[in-house]
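Worksheet: one structure, shown below.
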Number of protein chains: 4
Amino acid sequence: MSPHGADMKSEPNTAAAKARNLKRLRRIEGQVRGLQKMVEEDRYCAEILTQISSVHEALRGVGREVMRHHLSHCASSAIRSGGKKADGMYDELVDLMYTYTR
Amino acid sequence: MSPHGADMKSEPNTAAAKARNLKRLRRIEGQVRGLQKMVEEDRYCAEILTQISSVHEALRGVGREVMRHHLSHCASSAIRSGGKKADGMYDELVDLMYTYTR
Amino acid sequence: MSPHGADMKSEPNTAAAKARNLKRLRRIEGQVRGLQKMVEEDRYCAEILTQISSVHEALRGVGREVMRHHLSHCASSAIRSGGKKADGMYDELVDLMYTYTR
Amino acid sequence: MSPHGADMKSEPNTAAAKARNLKRLRRIEGQVRGLQKMVEEDRYCAEILTQISSVHEALRGVGREVMRHHLSHCASSAIRSGGKKADGMYDELVDLMYTYTR
């Protein structure tokens with residue numbers, strides 16, 4: 001049913017990290033709804049920008065956890081297997097770091 | 001005459017810009033729910049990080065529009081009135097730029 | 001002698017702000033030479049990355065000061081003159097914020 | 001056996017990558033001196049901010065290369081050795097990514 005083959009799935013996250021991230025994402029969803037309300041009510045721009053900044057920060061918290069998991073599971077397997085697999089993983093990681101953590 | 005209303009409300013946004021931002025924020029809400037689904041399904045980390053990056057980008061789109069409105073309405077009134085009011089606004093703007101646009 | 005016409009020059013900065021920025025830029029030049037030495041000596045990567053991060057931070061300090069000056073001099077004139085001049089300045093400012101402060 | 005030498009030196013970089021980074025850093029040093037000249041000549045703020053942005057971009061280029069080397073040398077040794085050493089390295093990497101690549 002998944003659009004990706006079994007090997008494109010993440011190795012199962014520890015239940016705790018997954019639950020933490022879901023909790024964070026639900027809070028972020030609430031923050032985004034809060035932003036809609038602020039825009040509807042014509043709230044002061046600086047307040048809206050501050051709230052947008054909080055959402056960015058919360059998203060980076062999720063990103064950090066996903067990246068930590070990526071390194072300790074997906075990436076570490078590739079790195080341990082060495083050779084081209086490891087080289088490809090280094091390139092992917094550098095791209096993720098410089099493109100997607102901002 | 002004051003650049004900000006007593007209750008710190010923004011001057012009414014043009015209806016069009018407001019509608020655009022609400023539409024964007026609803027799409028962002030959908031993206032965040034999509035992220036929850038991806039985490040629940042243990043999707044590949046690099047895909048989740050890419051999706052997180054899309055949400056950051058979409059949020060910056062909202063921020064840009066709010067900032068544009070802030071400059072052309074709230075900030076311009078303060079700047080036109082000059083003196084301490086203008087000085088305070090320059091400081092606020094620099095803070096917003098360096099703290100909240102990232 | 002300048003490649004830009006008189007009206008493309010910044011209005012003269014206050015002497016103090018200019019001196020502060022030159023001092024900062026000389027310190028940044030020293031940091032960049034320090035980085036060259038670190039690379040030559042094969043210093044530990046994490047230390048080099050930390051030092052690169054310090055240079056980014058110091059550059060942002062210069063940027064903040066330049067932006068503060070831009071707002072209170074160049075931008076405020078355009079904003080006060082209103083109309084298309086002001087509109088063009090709002091667009092320029094938003095671009096500067098979202099493109100160049102990162 | 002340790003992933004890092006006693007003195008925390010990087011494993012020797014390939015000569016090519018090192019030469020590339022030194023060349024980049026010398027160019028960045030030149031850009032910073034150019035910035036000093038621009039400030040001295042009261043050049044238009046938007047030009048200075050654009051130039052500051054180029055230096056940020058060039059620095060990120062150096063950072064990417066250092067990070068690539070860090071992953072393929074220092075980090076991969078720690079990751080291959082597994083256990084606490086690997087765990088410590090994952091934490092270090094996530095910190096580097098989210099703190100120092102911006």
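Following the order of the structure tokens, first chain is A, next is B, and so on, with residues numbered from 1 inside each chain and ligands from 1 in the order they appear.
Using only C-alpha atoms, the protein and nucleic acid residues lying no more than 7 Å from stretch 68-79 of chain A, apart from those fewer than 6 places from it along its own chain, are A:Ser10, A:Glu11, A:Lys85, A:Ala86, A:Met89, B:Cys45, D:Ser76, D:Ile79, D:Tyr90, D:Val94.
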Using DSSP secondary structure from the backbone, list all helix (DSSP H, G or I) positions within stretch 5-65 of chain C, as a ChimeraX atom specification. /C:6-8,15-40,45-65
Which residues come within 12 Å of D:Tyr98, counting only C-alpha atoms, excluding same-chain residues fewer than 4 positions away, as an MDAnalysis selection string? (chainID A and resid 57 59:65 67:68 96:102) or (chainID C and resid 49:50 53) or (chainID D and resid 91:94 102)
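If you count only C-alpha atoms and ignore residues fewer than 5 places along the chain from B:Val32, what sits within 9 Å of it is Leu25, Arg26, Ile28, Glu29 and Val32 of chain A; Arg27, Lys37, Gln51, Ile52 and Val55 of chain B.
Neighbouring residues of D:Ala15 at 12 Å or closer, counting only C-alpha atoms and skipping chain neighbours under 5 positions away, are C:Val39, C:Glu40, C:Asp42, D:Arg20, D:Asn21, D:Leu22, D:His69.
Taking only C-alpha atoms into account, chain B lies nearest to C:Val66 out of the set C:Val66, C:Leu35, C:Ala17, C:Ile48.
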